[in-house]
>>> print(open('final.cif').read())   # mmCIF, C-alpha atoms
data_upload
#
loop_
_atom_site.label_atom_id
_atom_site.label_comp_id
_atom_site.auth_asym_id
_atom_site.auth_seq_id
_atom_site.Cartn_x
_atom_site.Cartn_y
_atom_site.Cartn_z
CA MET A 30 -64.09 -22.68 -18.18
CA GLU A 31 -62.56 -23.69 -14.90
CA GLU A 32 -59.51 -21.84 -13.52
CA THR A 33 -56.24 -23.74 -13.65
CA VAL A 34 -53.08 -23.47 -11.53
CA GLU A 35 -51.07 -22.08 -14.45
CA ASP A 36 -50.59 -18.29 -14.27
CA PRO A 37 -51.84 -16.24 -17.23
CA PRO A 38 -49.42 -14.37 -19.49
CA THR A 39 -48.99 -10.82 -18.22
CA SER A 40 -46.82 -7.82 -19.01
CA ALA A 41 -45.97 -4.42 -17.66
CA VAL A 42 -48.02 -2.72 -20.39
CA LEU A 43 -49.57 0.52 -19.10
CA LEU A 44 -53.10 1.76 -19.76
CA ASP A 45 -51.97 4.21 -22.45
CA HIS A 46 -50.71 1.38 -24.65
CA CYS A 47 -53.85 -0.84 -24.51
CA HIS A 48 -56.57 -1.37 -27.16
CA PHE A 49 -59.81 -1.45 -25.15
CA SER A 50 -62.14 -1.27 -28.19
CA GLN A 51 -61.35 -4.69 -29.69
CA VAL A 52 -63.40 -6.62 -27.10
CA ILE A 53 -66.71 -5.17 -25.79
CA PHE A 54 -68.25 -6.32 -22.48
CA ASN A 55 -72.09 -6.51 -22.40
CA SER A 56 -74.72 -6.56 -19.64
CA VAL A 57 -72.33 -5.59 -16.84
CA GLU A 58 -74.24 -4.85 -13.60
CA LYS A 59 -73.40 -1.96 -11.28
CA PHE A 60 -72.99 -4.45 -8.42
CA TYR A 61 -73.07 -8.22 -7.91
CA ILE A 62 -74.39 -9.94 -4.78
CA PRO A 63 -71.54 -11.74 -2.91
CA GLY A 64 -71.75 -15.53 -2.53
CA GLY A 65 -72.95 -16.31 -6.03
CA ASP A 66 -71.36 -17.08 -9.38
CA ILE A 67 -71.29 -14.33 -11.98
CA THR A 68 -71.31 -14.58 -15.79
CA CYS A 69 -69.27 -12.20 -17.92
CA TYR A 70 -70.67 -11.52 -21.44
CA TYR A 71 -68.39 -10.04 -24.13
CA THR A 72 -68.36 -9.52 -27.91
CA LEU A 73 -65.36 -9.96 -30.25
CA THR A 74 -65.03 -7.30 -32.94
CA GLN A 75 -64.39 -8.27 -36.55
CA HIS A 76 -60.78 -7.06 -36.54
CA PHE A 77 -59.80 -9.10 -33.47
CA ILE A 78 -58.79 -12.81 -33.61
CA PRO A 79 -58.73 -14.65 -30.24
CA ARG A 80 -55.95 -17.09 -29.38
CA ARG A 81 -55.58 -20.10 -27.09
CA LYS A 82 -53.82 -18.30 -24.18
CA ASP A 83 -56.20 -15.29 -24.01
CA TRP A 84 -57.88 -14.73 -20.63
CA ILE A 85 -60.35 -12.48 -18.81
CA GLY A 86 -59.38 -11.11 -15.42
CA ILE A 87 -61.11 -9.13 -12.66
CA PHE A 88 -59.03 -6.04 -11.83
CA ARG A 89 -59.46 -3.50 -9.08
CA VAL A 90 -60.12 -0.05 -10.55
CA GLY A 91 -56.88 1.93 -10.68
CA TRP A 92 -54.67 -0.97 -11.82
CA LYS A 93 -51.45 -0.11 -13.68
CA THR A 94 -50.27 -3.38 -15.23
CA THR A 95 -51.86 -6.70 -16.15
CA ARG A 96 -49.97 -8.36 -13.27
CA GLU A 97 -52.39 -6.76 -10.79
CA TYR A 98 -55.35 -9.06 -11.54
CA TYR A 99 -57.43 -10.42 -8.65
CA THR A 100 -58.62 -13.58 -10.44
CA PHE A 101 -58.90 -14.77 -14.04
CA MET A 102 -60.52 -17.38 -16.36
CA TRP A 103 -59.28 -18.73 -19.69
CA VAL A 104 -61.46 -17.82 -22.69
CA THR A 105 -63.10 -20.40 -25.01
CA LEU A 106 -62.07 -20.24 -28.64
CA PRO A 107 -65.09 -20.00 -31.00
CA VAL A 108 -65.57 -22.77 -33.57
CA ASP A 109 -66.27 -20.43 -36.49
CA LEU A 110 -64.97 -16.89 -36.30
CA ASN A 111 -66.98 -15.75 -39.31
CA SER A 112 -70.41 -16.58 -37.84
CA GLU A 113 -72.29 -13.94 -35.88
CA SER A 114 -73.03 -16.32 -32.99
CA SER A 115 -69.31 -16.96 -32.51
CA LYS A 116 -68.72 -13.28 -31.81
CA GLN A 117 -70.94 -13.46 -28.68
CA GLN A 118 -68.97 -15.21 -25.90
CA GLU A 119 -69.27 -15.63 -22.15
CA VAL A 120 -67.25 -16.90 -19.20
CA GLN A 121 -68.36 -17.76 -15.69
CA PHE A 122 -66.48 -16.89 -12.43
CA LYS A 123 -67.06 -19.08 -9.40
CA ALA A 124 -68.11 -17.35 -6.17
CA TYR A 125 -65.18 -18.86 -4.24
CA TYR A 126 -62.61 -16.87 -6.28
CA LEU A 127 -64.47 -13.53 -6.28
CA PRO A 128 -63.42 -10.52 -4.13
CA LYS A 129 -64.98 -10.15 -0.68
CA ASP A 130 -64.70 -6.37 -0.25
CA ASP A 131 -66.87 -3.56 -1.64
CA GLU A 132 -64.16 -1.95 -3.82
CA TYR A 133 -64.83 -1.15 -7.49
CA TYR A 134 -63.67 -3.78 -10.03
CA GLN A 135 -63.88 -4.28 -13.80
CA PHE A 136 -63.50 -7.06 -16.40
CA CYS A 137 -60.46 -6.90 -18.71
CA TYR A 138 -59.72 -9.06 -21.77
CA VAL A 139 -55.95 -9.81 -22.01
CA ASP A 140 -54.39 -11.66 -24.97
CA GLN A 141 -51.54 -14.17 -24.72
CA ASP A 142 -48.99 -11.33 -25.23
CA GLY A 143 -50.22 -9.60 -22.06
CA VAL A 144 -51.94 -6.77 -23.94
CA VAL A 145 -55.39 -5.56 -22.80
CA ARG A 146 -57.92 -5.75 -25.69
CA GLY A 147 -61.07 -4.64 -23.79
CA ALA A 148 -62.36 -3.39 -20.41
CA SER A 149 -65.80 -3.14 -18.81
CA ILE A 150 -67.45 -0.46 -16.72
CA PRO A 151 -66.68 -0.56 -12.95
CA PHE A 152 -68.88 -2.67 -10.59
CA GLN A 153 -69.01 -3.72 -6.91
CA PHE A 154 -69.60 -6.90 -4.91
CA ARG A 155 -72.22 -5.95 -2.26
CA PRO A 156 -75.85 -6.76 -1.34
CA GLU A 157 -78.81 -4.45 -2.01
CA ASN A 158 -79.55 -1.85 0.66
CA GLU A 159 -81.81 1.09 1.23
CA GLU A 160 -79.39 3.48 -0.44
CA ASP A 161 -80.30 1.94 -3.77
CA ILE A 162 -84.04 2.78 -3.25
CA LEU A 163 -85.20 5.97 -4.91
CA VAL A 164 -86.50 8.46 -2.34
CA VAL A 165 -88.71 11.34 -3.48
CA THR A 166 -88.60 14.48 -1.38
CA THR A 167 -89.71 18.13 -1.76
CA GLN A 168 -87.33 20.98 -2.56
CA GLY A 169 -87.73 22.51 0.92
CA GLU A 170 -86.87 19.25 2.59
CA VAL A 171 -83.86 18.93 0.34
CA GLU A 172 -82.63 22.42 1.26
CA GLU A 173 -83.23 21.75 4.95
CA ILE A 174 -81.35 18.46 4.71
CA GLU A 175 -78.51 20.15 2.89
CA GLN A 176 -78.32 22.91 5.53
CA HIS A 177 -78.35 20.37 8.30
CA ASN A 178 -75.73 18.36 6.45
CA LYS A 179 -73.50 21.47 6.16
CA GLU A 180 -73.86 22.14 9.89
CA LEU A 181 -73.03 18.55 10.65
CA CYS A 182 -70.00 18.73 8.33
CA LYS A 183 -68.84 21.92 10.01
CA GLU A 184 -69.29 20.45 13.45
CA ASN A 185 -67.53 17.30 12.25
CA ARG A 186 -64.58 19.39 11.01
CA GLU A 187 -64.40 21.27 14.31
CA LEU A 188 -64.52 18.02 16.23
CA LYS A 189 -61.84 16.61 13.98
CA ASP A 190 -59.64 19.66 14.53
CA SER A 191 -60.23 19.46 18.27
CA CYS A 192 -59.49 15.74 18.19
CA VAL A 193 -56.26 16.35 16.25
CA SER A 194 -55.24 19.04 18.75
CA LEU A 195 -56.05 16.76 21.68
CA GLN A 196 -54.19 13.90 20.02
CA LYS A 197 -51.19 16.17 19.50
CA GLN A 198 -51.30 17.32 23.12
CA ASN A 199 -51.67 13.73 24.26
CA SER A 200 -48.75 12.72 22.04
CA ASP A 201 -46.64 15.56 23.43
CA MET A 202 -47.57 14.63 26.99
CA GLU A 203 -46.74 10.98 26.33
CA ALA A 204 -43.43 11.97 24.76
CA THR A 205 -42.64 14.20 27.76
CA LEU A 206 -43.66 11.45 30.17
CA GLN A 207 -41.57 8.92 28.25
CA LYS A 208 -38.62 11.32 28.33
CA LYS A 209 -39.04 11.89 32.08
CA GLN A 210 -39.27 8.15 32.68
CA GLU A 211 -36.10 7.62 30.64
CA GLU A 212 -34.34 10.38 32.62
CA LEU A 213 -35.55 8.77 35.86
CA GLU A 214 -34.25 5.39 34.75
CA THR A 215 -30.97 7.00 33.77
CA LEU A 216 -30.67 8.72 37.15
CA LYS A 217 -31.45 5.46 38.94
CA SER A 218 -28.81 3.68 36.90
CA ILE A 219 -26.27 6.43 37.60
CA ASN A 220 -27.12 6.38 41.32
CA LYS A 221 -26.70 2.62 41.40
CA LYS A 222 -23.38 2.86 39.61
CA LEU A 223 -22.21 5.58 42.00
CA GLU A 224 -23.15 3.47 45.02
CA GLN A 225 -21.34 0.51 43.53
CA THR A 226 -18.30 2.70 42.74
CA MET A 227 -18.26 4.14 46.28
CA LYS A 228 -18.40 0.67 47.73
CA GLU A 229 -15.62 -0.54 45.49
CA GLN A 230 -13.50 2.52 46.33
CA LYS A 231 -14.08 1.96 50.06
CA ASP A 232 -13.05 -1.67 49.77
CA TYR A 233 -10.07 -0.68 47.63
CA LYS A 234 -8.94 1.95 50.13
CA THR A 235 -9.24 -0.53 52.99
CA GLU A 236 -7.20 -3.07 51.05
CA GLN A 237 -4.63 -0.43 50.12
CA LEU A 238 -4.33 0.65 53.76
CA GLU A 239 -3.64 -2.89 54.85
CA HIS A 240 -1.17 -3.32 52.03
CA LEU A 241 0.62 -0.06 52.95
CA LYS A 242 0.86 -1.11 56.58
CA GLU A 243 2.43 -4.39 55.52
CA GLU A 244 4.83 -2.63 53.15
CA ASN A 245 5.77 -0.14 55.87
CA GLY A 246 6.74 -2.98 58.18
CA GLN A 247 8.79 -4.63 55.43
CA LEU A 248 10.49 -1.35 54.58
CA PHE A 249 11.35 -0.71 58.24
CA LEU A 250 12.89 -4.17 58.50
CA SER A 251 14.89 -3.82 55.25
CA LEU A 252 16.16 -0.27 55.97
CA THR A 253 19.24 -1.53 57.83
CA GLU A 254 20.03 -4.01 55.08
CA GLN A 255 19.73 -1.27 52.49
CA ARG A 256 22.14 0.96 54.46
CA GLU A 257 24.71 -1.85 54.62
CA HIS A 258 24.19 -2.60 50.97
CA ARG A 259 24.65 1.10 50.21
CA LYS A 260 27.99 1.13 52.02
CA LYS A 261 29.12 -1.91 50.03
CA LEU A 262 28.01 -0.21 46.83
CA GLU A 263 29.96 2.93 47.73
CA GLN A 264 33.07 0.85 48.35
CA THR A 265 32.53 -0.96 45.08
CA VAL A 266 32.06 2.36 43.27
CA GLU A 267 35.31 3.68 44.79
CA GLU A 268 37.17 0.58 43.68
CA MET A 269 35.65 0.87 40.20
CA LYS A 270 36.75 4.52 40.02
CA GLN A 271 40.32 3.54 40.97
CA LYS A 272 40.29 0.75 38.39
CA GLU A 273 38.87 3.17 35.84
CA THR A 274 41.65 5.68 36.59
CA THR A 275 44.28 2.98 36.27
CA ALA A 276 42.73 1.72 33.04
CA ALA A 277 42.58 5.27 31.65
CA ARG A 278 46.23 5.80 32.49
CA LYS A 279 47.19 2.52 30.86
CA GLN A 280 45.06 3.39 27.85
CA GLN A 281 46.82 6.75 27.57
CA GLU A 282 50.20 5.04 27.79
CA LEU A 283 49.17 2.55 25.13
CA THR A 284 47.90 5.42 22.98
CA ASP A 285 51.21 7.24 23.35
CA GLN A 286 53.09 4.05 22.54
CA ASN A 287 50.84 3.50 19.55
CA MET A 288 51.49 7.05 18.31
CA ASP A 289 55.24 6.59 18.88
CA LEU A 290 55.18 3.29 17.01
CA SER A 291 53.14 4.86 14.20
CA LYS A 292 55.65 7.71 14.00
CA ARG A 293 58.58 5.30 13.98
CA LEU A 294 56.82 3.15 11.38
CA SER A 295 56.36 6.21 9.18
CA GLU A 296 60.01 7.15 9.61
CA ASN A 297 61.08 3.59 8.86
CA LYS A 298 58.94 3.62 5.73
CA ILE A 299 60.59 6.84 4.58
CA ILE A 300 64.09 5.54 5.43
CA CYS A 301 63.23 2.27 3.70
CA ASN A 302 62.20 4.21 0.59
CA VAL A 303 65.46 6.22 0.77
CA LEU A 304 67.49 3.06 1.21
CA GLN A 305 65.62 1.40 -1.63
CA ARG A 306 66.46 4.32 -3.92
CA GLU A 307 70.07 4.27 -2.74
CA LYS A 308 70.15 0.55 -3.36
CA GLU A 309 68.85 1.07 -6.87
CA LYS A 310 71.38 3.87 -7.36
CA ILE A 311 74.22 1.67 -6.09
CA GLU A 312 73.08 -1.17 -8.34
CA LYS A 313 73.17 1.20 -11.30
CA GLU A 314 76.64 2.36 -10.27
CA ASN A 315 77.68 -1.27 -9.84
CA ASP A 316 76.44 -2.07 -13.33
CA PHE A 317 78.30 0.93 -14.65
CA LEU A 318 81.48 -0.15 -12.87
CA LYS A 319 81.06 -3.67 -14.19
CA ARG A 320 80.80 -2.39 -17.74
CA GLU A 321 83.76 -0.06 -17.13
CA ASN A 322 85.76 -2.92 -15.65
CA SER A 323 84.89 -5.12 -18.60
CA SER A 324 86.05 -2.37 -20.96
CA LEU A 325 89.33 -2.01 -19.04
CA LEU A 326 89.90 -5.77 -19.11
CA SER A 327 89.28 -5.82 -22.84
CA TYR A 328 91.78 -2.96 -23.28
CA LEU A 329 94.41 -4.71 -21.14
CA ASN A 330 94.00 -7.99 -23.01
CA CYS A 331 94.47 -6.25 -26.30
CA ASP A 332 97.60 -4.46 -25.06
CA SER A 333 99.20 -7.69 -23.74
CA LEU A 334 98.48 -9.59 -26.93
CA SER A 335 100.07 -6.93 -29.07
CA HIS A 336 103.38 -7.31 -27.18
CA GLN A 337 103.43 -11.15 -27.07
CA MET A 338 102.48 -11.84 -30.71
CA PRO A 339 104.80 -14.73 -32.06
CA THR A 340 106.74 -14.51 -35.43
CA SER A 341 107.39 -17.21 -37.94
CA SER A 342 111.20 -16.99 -37.48
CA GLN A 343 111.14 -17.24 -33.73
CA GLY A 344 108.29 -19.56 -32.97
CA GLY A 345 107.43 -21.28 -36.24
CA THR A 346 103.88 -22.57 -35.93
CA ARG A 347 103.76 -22.39 -32.13
CA GLN A 348 100.49 -20.88 -30.69
CA ASP A 349 99.09 -20.03 -27.26
CA PRO A 350 98.08 -23.32 -25.64
CA GLY A 351 94.91 -21.66 -24.23
CA LEU A 352 93.54 -20.69 -27.65
CA VAL A 353 92.35 -23.51 -29.91
CA PHE A 354 91.86 -21.44 -33.10
CA GLY A 355 94.54 -18.88 -32.46
CA ASN A 356 94.51 -15.33 -31.08
CA PRO A 357 91.70 -13.21 -32.60
CA TYR A 358 93.68 -9.99 -31.88
CA SER A 359 96.82 -11.07 -33.71
CA GLY A 360 96.21 -8.55 -36.53
CA ILE A 361 95.28 -5.55 -34.36
CA GLN A 362 97.74 -2.65 -34.21
CA GLU A 363 98.78 -1.11 -30.91
CA SER A 364 97.55 2.24 -32.06
CA SER A 365 93.99 0.88 -32.39
CA ALA A 366 93.65 -0.43 -28.79
CA PRO A 367 93.06 2.91 -27.07
CA SER A 368 90.00 3.47 -29.30
CA LEU A 369 87.99 0.89 -27.27
CA LEU A 370 88.13 3.06 -24.18
CA SER A 371 88.47 6.85 -24.05
CA ILE A 372 88.63 9.43 -21.26
CA LYS A 373 86.15 12.35 -21.28
CA LYS A 374 85.92 15.53 -19.16
CA CYS A 375 82.76 16.31 -17.08
CA PRO A 376 81.25 19.70 -18.00
CA VAL A 377 80.01 20.21 -14.39
CA CYS A 378 82.86 19.18 -12.11
CA LYS A 379 85.57 19.44 -14.80
CA SER A 380 86.85 16.00 -13.78
CA ASP A 381 87.75 13.09 -16.08
CA PHE A 382 85.50 10.03 -16.51
CA ILE A 383 85.86 6.93 -18.65
CA ASP A 384 83.74 6.60 -21.82
CA ASP A 385 83.38 3.00 -23.10
CA GLY A 386 82.62 4.28 -26.58
CA PHE A 387 79.18 2.54 -26.80
CA ASP A 388 76.76 5.04 -25.12
CA HIS A 389 78.24 8.44 -24.36
CA ASP A 390 74.98 9.94 -22.97
CA LEU A 391 74.42 7.04 -20.56
CA ALA A 392 77.99 7.29 -19.26
CA LEU A 393 77.58 11.05 -18.71
CA GLU A 394 74.22 10.59 -16.93
CA GLN A 395 75.65 7.93 -14.60
CA HIS A 396 78.58 10.21 -13.85
CA LEU A 397 76.27 13.14 -13.03
CA GLN A 398 74.16 10.96 -10.70
CA THR A 399 77.27 10.25 -8.64
CA LEU A 400 77.70 13.99 -8.16
CA SER A 401 74.12 14.72 -6.67
CA LEU A 402 71.63 13.38 -4.09
CA ASN A 403 67.83 13.56 -4.74
CA CYS A 404 65.23 13.78 -1.88
CA PRO A 405 62.69 10.92 -2.16
CA ILE A 406 59.90 13.15 -0.73
CA CYS A 407 60.16 16.49 -2.53
CA ASP A 408 62.73 15.58 -5.28
CA LYS A 409 65.10 18.31 -4.09
CA THR A 410 68.70 17.86 -5.34
CA PHE A 411 71.81 18.13 -3.11
CA PRO A 412 75.49 17.89 -4.16
CA ALA A 413 77.22 14.64 -3.28
CA LYS A 414 79.64 16.40 -0.94
CA GLU A 415 76.64 17.69 1.17
CA LYS A 416 75.49 14.25 2.26
CA GLN A 417 74.92 15.25 5.92
CA ILE A 418 72.66 18.15 4.87
CA PHE A 419 70.75 15.75 2.61
CA GLU A 420 70.13 13.29 5.50
CA ASP A 421 68.96 16.09 7.82
CA HIS A 422 66.59 17.32 5.12
CA VAL A 423 65.02 13.83 4.71
CA PHE A 424 64.67 13.47 8.48
CA CYS A 425 62.75 16.78 8.68
CA HIS A 426 60.03 15.27 6.48
CA THR A 427 59.35 12.65 9.19
CA LEU A 428 58.64 15.22 11.93
#
>>> encode(input="final.cif", output="C-alpha cells")
Amino acid sequence: MEETVEDPPTSAVLLDHCHFSQVIFNSVEKFYIPGGDITCYYTLTQHFIPRRKDWIGIFRVGWKTTREYYTFMWVTLPVDLNSESSKQQEVQFKAYYLPKDDEYYQFCYVDQDGVVRGASIPFQFRPENEEDILVVTTQGEVEEIEQHNKELCKENRELKDSCVSLQKQNSDMEATLQKKQEELETLKSINKKLEQTMKEQKDYKTEQLEHLKEENGQLFLSLTEQREHRKKLEQTVEEMKQKETTAARKQQELTDQNMDLSKRLSENKIICNVLQREKEKIEKENDFLKRENSSLLSYLNCDSLSHQMPTSSQGGTRQDPGLVFGNPYSGIQESSAPSLLSIKKCPVCKSDFIDDGFDHDLALEQHLQTLSLNCPICDKTFPAKEKQIFEDHVFCHTL
C-alpha cells in the first residue's frame, strides 16, 4: 500500500501499556541494504481484529511514544479473518522513505487508537562488510589480540586524558588571552576618553579664560555705576525708614484712638443699658402714677356727685345736661367713696403710699422700687438717696 499525506493516528501511550503479542513480525533481517525496497511480513493472532486505520511504522530503537515514527504504511484489511491465509499479511516500504543512517530500527503495528499491538526485533540499514564474515583464529592469537587491544585501549585512554588536559590548558590560555585582549581594549577606550576629556577641558578652560577677561572688563566699567546706584539705594532706604517711622507712629496713634473709642463704646453700651433700665423703671412708675391718678379722679368725681345730687322738690325731673341716661353714682353714699382709694404705710421707710384697692402687692412693690437703685452689672442694690454713690459704682465697672 502506498503512503498517503494523511498522518496516522498516534498517542502518547508508553511502552509499558502496549500489547506487543497480538501481532507477530516474521522473517525480519538483522540488516537491510540501503537503496532498495523492503517487505515487512507479519501475522495476526486469533484474538486481534484489524481495522481500517491501523498502520505499521518504522521506529528508531528507544522510542517512547507512537508519535516518534520515522515512516509508516497503512495496512491492508484481510477479506476473510477466519481463514488461515488471511492471518499472514505483508506491507512494502519504498526505498525513498527509508532511513539513511546505520541506527537500529524496528517494525511496530499501531491500531487506529494509537496503541502498539506488535513489535519486531531490531535491524539496521547498511551494506555487507567484512565484519559480517566469520573469522576463525586460534586461542593464542585471540589472547594476543586481546592483550594488544587492552594496551591500545590503555594508550587510547592516556591519550584521551592528555588531550583533555591539553584542551583544558588551551581553553584556559584562550580565556586568559581573551581577558587580556578585553582589558587592552578597555584601557585603549579609557585612554581615548581621557585624551578627549583633556582636550575638552583645555578648550573649556581657554573659553572660560576669555569669558572671564570679558566679564572683568564689563565689571570694571560698571563699578562706578554700581557705586552711584548704591548711594541712591542708601538714600531710598533712609527715606523708607523715615516713612516707616512716621507710619508706625501714625499706626500707634490710630491704635490708641481705636482703644479709646472701644473703651468709650463699652462705656456707652453700659450707660445705654443703665438708661434703658431707668427708662423701663420710669415707664413703670409712670404707669403706676397714671393708675393712681385715675383712681384719684374717680374718687373726686364720686365726691362731687354726692354733693350736687338733685332732689325732686328742688329740681323736679331736671338732670345733668352732660349725662344722657342720668348719673350712675346718684345712689352712692358719701361714706362709700373713700373705699375706692386707701392710704397704706410702708414697712421699710414708714411713709404713707396710696393703695388703689385692686392689687396691694403690686402697689407695694412699685413703692419699694422707688426707694432703691439696682446696678445693671452686678445687681447690687443702693438706696434711692445714695444716687451719686450708685453712679460712681456703675462707672467703676467701665474701667
>>> closest_residue(input="final.cif", among="A:Lys93, A:Asp131, A:Glu268, A:Asn403", to="Glu307 of chain A", atoms="all atoms listed in the file")
A:Asn403
>>> resolve_selection(input="final.cif", expression="the PyMOL selection byres ((chain A and resi 147) around 7)", output="MDAnalysis selection string")
chainID A and resid 48:53 137:138 145:146 148
>>> closest_residue(input="final.cif", among="A:Phe152, A:Pro38, A:Met227, A:Glu58", to="Glu97 of chain A", atoms="all atoms listed in the file")
A:Pro38
>>> resolve_selection(input="final.cif", expression="the PyMOL selection byres ((chain A and resi 54) around 6)", output="ChimeraX atom specification")
/A:53,55,70-71,149
>>> write_last_selection(input="final.cif", atoms="C-alpha atoms", output="PDB file, in the frame of the given file")
ATOM      1  CA  ILE A  53     -66.710  -5.170 -25.790  1.00  0.00           C
ATOM      2  CA  ASN A  55     -72.090  -6.510 -22.400  1.00  0.00           C
ATOM      3  CA  TYR A  70     -70.670 -11.520 -21.440  1.00  0.00           C
ATOM      4  CA  TYR A  71     -68.390 -10.040 -24.130  1.00  0.00           C
ATOM      5  CA  SER A 149     -65.800  -3.140 -18.810  1.00  0.00           C
TER       6      SER A 149
END
>>> closest_residue(input="final.cif", among="A:Lys416, A:Lys261, A:Lys183, A:Lys59", to="Glu132 of chain A", atoms="all atoms listed in the file")
A:Lys59
>>> residues_around(input="final.cif", residues="Ile67 of chain A", least_positions_apart="6", cutoff="7 Å", atoms="all atoms listed in the file", output="list in words")
Gln121, Phe122 and Lys123 of chain A
>>> atom_distance(input="final.cif", atom1="atom CA of His422 of chain A", atom2="atom CA of Leu402 of chain A")
11.2 Å
>>> residues_around(input="final.cif", residues="Trp84 of chain A", least_positions_apart="3", cutoff="6 Å", atoms="all atoms listed in the file", output="ChimeraX atom specification")
/A:102-104,139
>>> closest_residue(input="final.cif", among="A:Arg256, A:Gln264, A:Tyr126, A:Lys208", to="Gly65 of chain A", atoms="all atoms listed in the file")
A:Tyr126
